[in-house]
>>> print(open('coords_11.cif').read())   # mmCIF, C-alpha atoms and all ligand atoms
data_my_file
#
loop_
_atom_site.label_atom_id
_atom_site.label_comp_id
_atom_site.auth_asym_id
_atom_site.auth_seq_id
_atom_site.Cartn_x
_atom_site.Cartn_y
_atom_site.Cartn_z
CA MET A 753 -3.06 21.67 -29.60
CA PHE A 754 -4.47 18.26 -28.68
CA SER A 755 -7.97 17.22 -29.57
CA VAL A 756 -10.11 15.92 -26.73
CA ARG A 757 -13.05 13.64 -27.40
CA LYS A 758 -15.04 14.54 -24.34
CA SER A 759 -17.06 11.32 -24.29
CA LEU A 760 -13.89 9.23 -24.26
CA TRP A 761 -12.35 11.24 -21.42
CA ARG A 762 -15.60 10.99 -19.49
CA GLU A 763 -15.58 7.19 -19.87
CA HIS A 764 -11.99 6.90 -18.65
CA ILE A 765 -12.52 9.22 -15.71
CA PHE A 766 -15.70 7.38 -14.76
CA ASP A 767 -13.62 4.21 -14.69
CA LEU A 768 -10.95 5.94 -12.63
CA ILE A 769 -13.58 6.93 -10.05
CA ARG A 770 -15.13 3.46 -10.04
CA ARG A 771 -11.77 1.80 -9.55
CA THR A 772 -10.64 4.22 -6.86
CA ALA A 773 -13.86 3.77 -4.90
CA THR A 774 -13.95 -0.02 -5.04
CA ASP A 775 -10.43 -1.38 -5.42
CA LEU A 776 -7.86 -0.60 -2.73
CA PRO A 777 -4.33 -0.24 -4.19
CA ALA A 778 -2.15 -3.35 -3.83
CA ASP A 779 0.51 -1.64 -1.68
CA VAL A 780 -2.09 -0.58 0.90
CA GLU A 781 -3.70 -4.00 0.99
CA ARG A 782 -0.25 -5.61 1.42
CA ALA A 783 0.45 -3.27 4.35
CA ILE A 784 -2.79 -4.32 6.05
CA ARG A 785 -1.95 -7.98 5.50
CA ARG A 786 1.55 -7.56 6.91
CA ALA A 787 0.14 -5.68 9.89
CA GLN A 788 -2.24 -8.51 10.66
CA LEU A 789 0.65 -10.99 10.68
CA ARG A 790 2.38 -8.88 13.34
CA GLU A 791 -0.63 -8.97 15.68
CA LYS A 792 -1.50 -11.65 18.20
CA ARG A 793 -3.86 -14.15 16.56
CA GLY A 794 -7.38 -13.76 17.93
CA GLY A 795 -6.66 -10.36 19.55
CA ASN A 796 -8.65 -7.18 18.85
CA ALA A 797 -6.11 -5.80 16.37
CA TRP A 798 -5.95 -9.12 14.51
CA TRP A 799 -9.75 -9.23 14.21
CA VAL A 800 -10.07 -5.61 13.12
CA LEU A 801 -7.45 -6.01 10.40
CA GLY A 802 -9.08 -9.26 9.29
CA GLU A 803 -12.44 -7.49 8.97
CA ILE A 804 -10.83 -4.69 6.96
CA LEU A 805 -9.24 -7.23 4.60
CA GLN A 806 -12.56 -9.01 4.19
CA ASN A 807 -14.21 -5.67 3.44
CA VAL A 808 -11.54 -4.91 0.82
CA LYS A 809 -12.12 -8.29 -0.82
CA LEU A 810 -15.91 -7.93 -0.87
CA ALA A 811 -15.77 -4.38 -2.26
CA ARG A 812 -13.56 -5.57 -5.12
CA ARG A 813 -15.63 -8.67 -5.81
CA HIS A 814 -18.97 -6.85 -5.80
CA ASP A 815 -17.69 -3.67 -7.44
CA ALA A 816 -19.00 -1.70 -4.46
CA PRO A 817 -17.51 1.27 -2.56
CA LEU A 818 -14.94 0.29 0.07
CA CYS A 819 -16.49 2.64 2.61
CA GLN A 820 -19.81 4.43 2.93
CA ASP A 821 -17.93 7.74 3.06
CA THR A 822 -16.65 8.17 -0.48
CA GLY A 823 -14.82 11.26 0.64
CA THR A 824 -13.57 14.42 -0.96
CA LEU A 825 -12.48 13.83 -4.55
CA SER A 826 -9.10 15.36 -5.37
CA PHE A 827 -7.94 15.08 -8.98
CA TYR A 828 -4.33 15.67 -9.95
CA PHE A 829 -3.69 16.17 -13.66
CA ILE A 830 -0.38 16.61 -15.45
CA VAL A 831 -1.12 17.70 -19.01
CA PRO A 832 1.01 18.37 -22.10
CA PRO A 833 1.63 21.90 -23.37
CA GLY A 834 -1.38 23.29 -25.26
CA PHE A 835 -3.85 20.90 -23.67
CA ASP A 836 -7.49 22.04 -23.30
CA THR A 837 -8.01 21.75 -19.54
CA ASN A 838 -11.54 23.19 -19.73
CA ALA A 839 -12.67 20.14 -21.68
CA LEU A 840 -11.04 17.88 -19.08
CA VAL A 841 -12.80 19.71 -16.23
CA GLY A 842 -16.13 19.31 -18.05
CA ALA A 843 -15.57 15.60 -18.70
CA THR A 844 -14.55 15.05 -15.07
CA ARG A 845 -17.68 16.76 -13.74
CA GLU A 846 -19.88 14.65 -16.01
CA ALA A 847 -18.06 11.48 -14.96
CA ILE A 848 -18.64 12.34 -11.27
CA ALA A 849 -22.35 12.82 -11.88
CA MET A 850 -22.48 9.46 -13.68
CA ALA A 851 -20.56 7.71 -10.90
CA THR A 852 -22.94 9.18 -8.32
CA ARG A 853 -25.98 7.96 -10.24
CA ALA A 854 -24.33 4.53 -10.59
CA GLY A 855 -23.81 4.29 -6.81
CA TYR A 856 -20.00 4.42 -6.82
CA LEU A 857 -20.19 7.71 -4.94
CA ARG A 858 -22.50 8.62 -2.09
CA GLN A 859 -24.13 12.07 -2.29
CA ASN A 860 -21.24 13.36 -0.29
CA ALA A 861 -21.07 17.06 -1.16
CA ILE A 862 -23.31 19.07 1.17
CA ASP A 863 -24.28 22.72 0.91
CA PRO A 864 -23.06 23.98 4.33
CA VAL A 865 -25.62 26.80 4.36
CA SER A 866 -28.79 24.85 3.62
CA GLY A 867 -27.53 21.43 4.77
CA VAL A 868 -28.84 19.90 1.56
CA PRO A 869 -26.66 17.43 -0.37
CA TYR A 870 -25.86 18.14 -4.00
CA GLN A 871 -27.47 15.47 -6.19
CA THR A 872 -24.43 14.83 -8.36
CA ASN A 873 -21.43 15.64 -6.11
CA VAL A 874 -20.57 18.43 -8.53
CA ALA A 875 -20.60 21.59 -6.44
CA PRO A 876 -18.45 24.53 -5.37
CA GLY A 877 -15.27 22.91 -4.07
CA SER A 878 -16.22 19.48 -5.38
CA PRO A 879 -14.20 18.03 -6.89
CA VAL A 880 -10.85 19.60 -6.10
CA PHE A 881 -8.66 20.04 -9.19
CA SER A 882 -4.93 20.41 -9.44
CA PHE A 883 -3.31 20.97 -12.85
CA ARG A 884 0.34 20.98 -13.82
CA GLN A 885 1.92 21.21 -17.21
CA GLY A 886 4.34 18.40 -18.02
CA ALA A 887 6.80 17.89 -20.86
CA ARG A 888 5.33 14.60 -22.11
CA LYS A 889 2.60 14.10 -24.71
CA THR A 890 0.46 12.17 -22.27
CA VAL A 891 -2.04 13.09 -19.59
CA ASP A 892 -1.33 11.76 -16.10
CA ALA A 893 -4.62 11.64 -14.19
CA ARG A 894 -4.73 10.65 -10.52
CA LEU A 895 -7.49 10.62 -7.94
CA ILE A 896 -7.49 10.51 -4.16
CA MET A 897 -10.66 9.99 -2.15
CA LYS A 898 -10.32 11.11 1.46
CA GLY A 899 -13.01 10.43 4.01
CA GLY A 900 -14.32 13.02 6.45
CA GLY A 901 -13.39 11.06 9.58
CA SER A 902 -9.73 11.17 8.66
CA GLU A 903 -9.94 14.78 7.50
CA ASN A 904 -11.33 15.78 10.91
CA VAL A 905 -8.18 14.61 12.67
CA SER A 906 -5.72 16.30 10.35
CA ALA A 907 -3.88 19.11 12.13
CA GLN A 908 -1.68 22.12 11.63
CA TYR A 909 0.94 23.28 14.15
CA VAL A 910 2.70 26.58 14.53
CA LEU A 911 6.22 26.27 15.91
CA PRO A 912 7.48 26.89 18.48
CA ASP A 913 4.85 25.08 20.53
CA GLY A 914 5.54 25.35 24.27
CA GLU A 915 3.09 22.62 25.30
CA LEU A 916 4.73 20.06 23.04
CA GLY A 917 8.22 21.35 23.75
CA ALA A 918 8.55 21.69 19.99
CA ASP A 919 11.08 24.17 18.63
CA ARG A 920 11.61 25.27 15.07
CA ASP A 921 13.66 22.24 14.09
CA LEU A 922 13.17 18.66 12.95
CA GLU A 923 12.82 17.38 16.51
CA GLY A 924 9.95 19.89 16.85
CA VAL A 925 8.45 18.53 13.63
CA ARG A 926 8.69 14.98 14.98
CA ARG A 927 6.88 15.98 18.16
CA CYS A 928 4.04 17.59 16.19
CA ILE A 929 3.52 14.53 14.01
CA LEU A 930 3.46 12.18 17.00
CA ASP A 931 1.03 14.50 18.78
CA ALA A 932 -1.30 14.46 15.75
CA ILE A 933 -1.27 10.64 15.79
CA TRP A 934 -1.91 10.57 19.54
CA GLN A 935 -4.78 13.06 19.29
CA ALA A 936 -6.33 11.05 16.44
CA GLN A 937 -6.57 7.82 18.40
CA GLY A 938 -10.02 6.25 18.35
CA GLN A 939 -11.01 8.47 15.42
CA GLY A 940 -10.05 8.55 11.77
CA CYS A 941 -10.08 4.75 11.37
CA ALA A 942 -6.49 3.74 12.15
CA PRO A 943 -4.08 2.38 11.02
CA GLY A 944 -3.44 5.66 9.30
CA ILE A 945 -1.08 7.06 6.72
CA LEU A 946 0.38 10.51 7.22
CA GLY A 947 1.14 13.17 4.66
CA VAL A 948 3.20 15.93 6.22
CA CYS A 949 4.30 19.32 4.96
CA VAL A 950 7.00 21.23 6.82
CA GLY A 951 6.83 24.92 5.97
CA GLY A 952 4.58 26.62 3.43
CA ASP A 953 1.59 28.66 4.58
CA ARG A 954 -1.80 27.66 5.98
CA ALA A 955 -3.27 26.79 2.58
CA SER A 956 -0.25 25.38 0.74
CA GLY A 957 0.68 23.34 3.84
CA TYR A 958 -2.55 21.35 3.74
CA GLU A 959 -2.49 21.04 -0.03
CA HIS A 960 1.07 19.77 -0.11
CA ALA A 961 0.58 17.45 2.86
CA LYS A 962 -2.39 15.84 1.14
CA SER A 963 -0.59 15.43 -2.16
CA GLN A 964 1.91 13.16 -0.37
CA PHE A 965 -0.73 10.41 -0.55
CA LEU A 966 0.08 10.13 -4.25
CA ARG A 967 3.29 8.40 -3.17
CA LYS A 968 3.30 4.62 -2.77
CA LEU A 969 3.67 3.48 0.83
CA ASN A 970 7.25 2.31 0.31
CA GLU A 971 8.33 5.47 -1.51
CA ARG A 972 10.75 7.27 0.78
CA SER A 973 11.55 10.97 0.55
CA PRO A 974 14.41 11.70 -1.88
CA ASN A 975 15.74 14.08 0.78
CA ARG A 976 17.85 11.90 3.08
CA THR A 977 17.17 13.93 6.19
CA LEU A 978 13.43 13.75 5.63
CA ALA A 979 13.64 10.05 4.76
CA ARG A 980 15.34 9.43 8.12
CA LEU A 981 12.64 11.45 9.85
CA GLU A 982 9.92 9.43 8.09
CA ALA A 983 11.48 6.19 9.33
CA SER A 984 11.91 7.41 12.89
CA VAL A 985 8.35 8.78 13.15
CA MET A 986 6.97 5.52 11.80
CA TRP A 987 8.96 3.55 14.35
CA ASP A 988 7.90 5.76 17.27
CA ALA A 989 4.26 5.93 16.14
CA ASN A 990 3.98 2.16 16.07
CA LYS A 991 5.28 1.98 19.63
CA LEU A 992 2.40 4.19 20.87
CA GLY A 993 0.11 1.17 21.06
CA VAL A 994 -2.91 2.97 19.56
CA GLY A 995 -3.45 0.16 17.05
CA PRO A 996 -6.19 -0.53 14.51
CA MET A 997 -9.32 1.57 15.23
CA GLY A 998 -7.65 2.70 18.45
CA LEU A 999 -8.22 -0.69 20.10
CA GLY A 1000 -4.54 -1.28 20.82
CA GLY A 1001 -1.94 -3.09 18.77
CA ARG A 1002 1.37 -2.90 17.01
CA THR A 1003 0.32 -1.00 13.90
CA THR A 1004 -0.85 2.58 14.36
CA VAL A 1005 0.44 3.90 11.04
CA PHE A 1006 1.29 2.18 7.73
CA GLY A 1007 3.21 5.03 6.21
CA VAL A 1008 4.69 8.47 6.85
CA HIS A 1009 5.41 10.78 3.91
CA ILE A 1010 7.12 14.07 4.72
CA ASP A 1011 8.02 16.88 2.36
CA ALA A 1012 9.02 20.52 2.83
CA LEU A 1013 8.08 23.88 1.30
CA SER A 1014 9.89 27.14 1.89
CA ARG A 1015 8.53 29.33 4.68
CA VAL A 1016 8.71 33.01 5.58
CA PRO A 1017 10.98 33.90 8.53
CA ALA A 1018 8.09 34.63 10.91
CA THR A 1019 6.21 31.35 10.32
CA TYR A 1020 7.12 27.70 10.84
CA LEU A 1021 4.13 25.47 10.14
CA VAL A 1022 3.88 21.70 10.36
CA THR A 1023 0.81 20.35 8.61
CA VAL A 1024 -0.25 16.77 9.16
CA SER A 1025 -2.84 15.32 6.82
CA TYR A 1026 -4.19 12.10 8.31
CA MET A 1027 -5.49 9.38 6.00
CA CYS A 1028 -7.43 6.36 7.28
CA TRP A 1029 -6.60 2.79 6.24
CA ALA A 1030 -8.87 3.34 3.20
CA LEU A 1031 -6.25 5.16 1.15
CA ARG A 1032 -8.15 5.23 -2.11
CA ARG A 1033 -5.75 6.42 -4.78
CA ARG A 1034 -5.64 5.40 -8.39
CA GLY A 1035 -4.22 6.87 -11.55
CA MET A 1036 -3.97 6.40 -15.28
CA LEU A 1037 -1.84 7.52 -18.16
CA LEU A 1038 -3.74 8.65 -21.24
CA GLY A 1039 -2.63 9.46 -24.77
CA PRO A 1040 -3.30 12.97 -26.11
CA GLU A 1041 -6.46 11.77 -27.89
CA GLY A 1042 -7.76 10.11 -24.78
CA GLY A 1043 -6.64 6.48 -25.30
CA LEU A 1044 -5.72 4.62 -22.10
CA LYS A 1045 -2.02 3.75 -22.06
CA ARG A 1046 -1.82 2.15 -18.63
CA TRP A 1047 -3.09 2.19 -15.08
CA LEU A 1048 -0.85 3.61 -12.38
CA TYR A 1049 -0.35 2.05 -8.91
S1 LIG A 1101 -12.24 7.59 8.10
FE1 LIG A 1101 -11.94 6.37 6.23
S2 LIG A 1101 -12.52 4.25 6.72
FE2 LIG A 1101 -13.30 5.63 8.36
S3 LIG A 1101 -15.41 6.06 7.74
FE3 LIG A 1101 -14.13 7.73 6.93
S4 LIG A 1101 -13.53 7.07 4.86
FE4 LIG A 1101 -14.34 5.28 5.91
#
>>> encode(input="coords_11.cif", output="structure tokens", more="lines below")
Ligand code: SF4
Amino acid sequence: MFSVRKSLWREHIFDLIRRTATDLPADVERAIRRAQLREKRGGNAWWVLGEILQNVKLARRHDAPLCQDTGTLSFYFIVPPGFDTNALVGATREAIAMATRAGYLRQNAIDPVSGVPYQTNVAPGSPVFSFRQGARKTVDARLIMKGGGSENVSAQYVLPDGELGADRDLEGVRRCILDAIWQAQGQGCAPGILGVCVGGDRASGYEHAKSQFLRKLNERSPNRTLARLEASVMWDANKLGVGPMGLGGRTTVFGVHIDALSRVPATYLVTVSYMCWALRRRGMLLGPEGGLKRWLY
């Protein structure tokens, strides 16, 4: 059994939230920079990407949220055997309340019945926790913040889909993903990043699709067939001409991450989780007593 000093965990998780909200990961920032170089200097896409980069710089410099929508908070923990997850949940909730009071998080969790925001962002369904048991004596803690605009344009398809001409095969999957990108244009703050789950059910499809954002942008699927599909969708998506913020341009998506879950014979789902350019993901590795070993990403 590992001992957890709750105050120490709370401090680290507060820092994880602060960093995720204010400091865009280097791989995402690099992708934006590269995209700007591909655009015509002085054109709409070039300006939009330049403004995004300026925003990223200012957020980091002033320790301020990258976007007014601080999104849904999804925590992914991998803990050692015997670890007290209740204490970690408690520390995380306290850290969220602190980060809200400190202005790193907007009051973003709303009671859908009364329409009233929760003061601290700690509420039913907020945050979202995912726990796994690992073999190591460390805790791997990761956070993704996903804004509502990008969540609104995420989509789930049931194959076959006659309108798209999509059968129950990988060509059908490709058509669904490209349709989701096309439907999202002008919304969801492109360039986007896609997390895709082939198979699963309604709930696990969305969960698994979203967890793909834990991958770095250059991390290809270990499954060669899916890796090829990722590359081909990325290529085709960037030929659509949707561009940054839907104003036209050469970069519509920065990354495509596809994974698969088993399905039942009667169901073939394709779930596309759409992430805006503000892919806020951070992580840290902690020792069993709560000491920070290193930052991830
Ligand atoms: S979609 Fe992303 S960048 Fe656009 S407002 Fe929402 S969180 Fe911000």
>>> residues_near_point(input="coords_11.cif", point="(3.3, 18.4, -19.9)", cutoff="8 Å", atoms="only C-alpha atoms", output="count of residues only")
12
>>> closest_atom_pairs(input="coords_11.cif", of="range 791-821 of chain A", to="range 779-784 of chain A", cutoff="10 Å", atoms="all atoms listed in the file", output="Markdown table")
| residue | atom | partner | partner_atom | distance |
| --- | --- | --- | --- | --- |
| A:Leu801 | CA | A:Ile784 | CA | 6.6 |
| A:Gly802 | CA | A:Ile784 | CA | 8.6 |
| A:Ile804 | CA | A:Ile784 | CA | 8.1 |
| A:Leu805 | CA | A:Ile784 | CA | 7.2 |
| A:Val808 | CA | A:Glu781 | CA | 7.9 |
| A:Lys809 | CA | A:Glu781 | CA | 9.6 |
>>> residues_near_ligand(input="coords_11.cif", ligand="ligand LIG 1101 (chain A)", cutoff="6 Å", atoms="only C-alpha atoms and all ligand atoms", output="JSON, numbers by chain")
{"A": [819, 821, 899, 900, 901, 902, 940, 941, 1028, 1030]}
>>> closest_residue(input="coords_11.cif", among="A:Thr774, A:Ser866, A:Ser963, A:Thr872", to="Phe829 in chain A", atoms="all atoms listed in the file")
A:Ser963
>>> closest_residue(input="coords_11.cif", among="A:Met997, A:Leu1013, A:Leu1031, A:Leu760", to="Trp798 in chain A", atoms="only C-alpha atoms")
A:Met997
>>> residues_around(input="coords_11.cif", residues="Ala773 in chain A", least_positions_apart="3", cutoff="12 Å", atoms="only C-alpha atoms", output="MDAnalysis selection string")
chainID A and resid 766:770 776:777 808 811:812 814:825 848 851:852 854:858 895:899 1030:1034
>>> atom_distance(input="coords_11.cif", atom1="CA of Pro879 in chain A", atom2="CA of Ala843 in chain A")
12.1 Å
>>> atom_distance(input="coords_11.cif", atom1="CA of Ala918 in chain A", atom2="CA of Arg967 in chain A")
27.2 Å
>>> closest_residue(input="coords_11.cif", among="A:Asp775, A:Asp953, A:Asp836, A:Asp988", to="Arg757 in chain A", atoms="all atoms listed in the file")
A:Asp836
>>> residues_near_point(input="coords_11.cif", point="(11.0, 25.1, 12.5)", cutoff="12 Å", atoms="all atoms listed in the file", output="VMD selection string")
chain A and resid 909 to 913 918 to 928 949 to 952 1012 to 1023
>>> closest_residue(input="coords_11.cif", among="A:Val1024, A:Ala861, A:Arg1002, A:Ser882", to="Gln788 in chain A", atoms="only C-alpha atoms")
A:Arg1002
>>> closest_residue(input="coords_11.cif", among="A:Ala936, A:Asn860, A:Val800, A:Val948", to="Ala787 in chain A", atoms="only C-alpha atoms")
A:Val800
>>> closest_residue(input="coords_11.cif", among="A:Lys991, A:Lys1045, A:Arg813, A:Arg762", to="Thr844 in chain A", atoms="all atoms listed in the file")
A:Arg762
